[in-house]
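Participant: So that we are looking at the same thing, I have put the structure below in structure tokens.
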Amino acid sequence: MVVAKVRSVGKAEGGLRWFLRSVVLFTFGLMVTVSAAYAQAQKPLLDLNTASEKELEALKGVGPVTAKKIIAGRPYSSVADLSKAGVPEKTIEGIKPFVTVGKPVAAPGVAPEKKAATPAAVAKTETPPSPAKAAASVPAPAPSPAVAPQKASSKASGAAPAKLAPGQKVNINTASKEQLDALPEIGPVKAQTIIDGRPYKKIEDIMKVKGIKQGTFDKIRDHITVD
């Protein structure tokens, strides 16, 4: 009798433990499900027209293939339009509470339509230039053929130094720059150098001047003096 009662009590306790364990597991599973649903409900709705492939794959029942189909079928005006992209009806019903359809984004590379030019803008572009600008844009008249040769001839006449008369000698201590310039191989630069090197005691001293060597001296010795 006692053994039977002990066995009966043991069975009752075992059943109670099993019942309590089942209740705990059910409650835990229910809490997990409610928490997941609450967390999903707290997330902002996913825009089917702008969501990335990774974001779409995170939806229940949507894998890489379905995500690519959704992206290829854009833009959508409603969630039901997913069926046109080949998404199964069951999948659409499963993700409907978590997605939305925003304003379609314009395709890249499409330039916005240009606005027509206003009358004011047209008038501004067609405004004639001011008289001052118009005058500045007119090219200056070319010099007449009669004037150009005259200038050239006067320049040529002033460039040639005066020549010494036969037998004329130049005093290198007192001669002007023009007179020294008239000597053979003596230009305006050497003439000024001769003036800067004065006085000279003899004509050979002119070879002390920079640029006047024996060859030049031989050509001017008969035309110079220090007297």
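How things are named: the first chain in the structure tokens is A, the next is B, and so on; residues count from 1 in each chain; ligands count from 1 in the order shown.
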What lies within 8 Å of Asp47 in chain A using only C-alpha atoms, ignoring chain neighbours under 6 positions off, as a ChimeraX atom specification?

Facilitator: /A:99-102

Participant: Select, from A:Ala58, A:Ile203, A:Ile71, A:Val24, the residue with the minimum atom-to-atom distance to Asp222 in chain A, counting only C-alpha atoms.

Facilitator: A:Ile203

Participant: Determine, counting only C-alpha atoms, which protein, DNA and RNA residues have an atom within 9 Å of an atom of Gln192 in chain A; residues of the same chain fewer than 5 positions away are not included. Present the result as a list of chain:residue names.

Facilitator: A:Lys177, A:Leu180, A:Asp181, A:Gly187, A:Gly197

Participant: Export, as a PDB file, in the first residue's frame, the selected residues with C-alpha atoms.

Facilitator:
ATOM      1  CA  LYS A 177      80.206 111.537 -80.221  1.00  0.00           C
ATOM      2  CA  LEU A 180      83.842 109.648 -83.391  1.00  0.00           C
ATOM      3  CA  ASP A 181      80.938 107.552 -84.681  1.00  0.00           C
ATOM      4  CA  GLY A 187      79.778 102.902 -83.537  1.00  0.00           C
ATOM      5  CA  GLY A 197      88.454 107.308 -71.496  1.00  0.00           C
TER       6      GLY A 197
END

Participant: Using only C-alpha atoms, can you tell me which of A:Ile92, A:Leu16, A:Ile172, A:Ala51 comes closest to Thr225 in chain A?

Facilitator: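 Going through A:Ile92, A:Leu16, A:Ile172, A:Ala51 one by one, the smallest distance to Thr225 in chain A is for A:Ile172.
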
Participant: For Thr50 in chain A, which of A:Pro188, A:Gly73, A:Gly14, A:Gly215 is the closest residue, counting only C-alpha atoms?

Facilitator: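 For Thr50 in chain A, the nearest of the candidates is A:Gly73.
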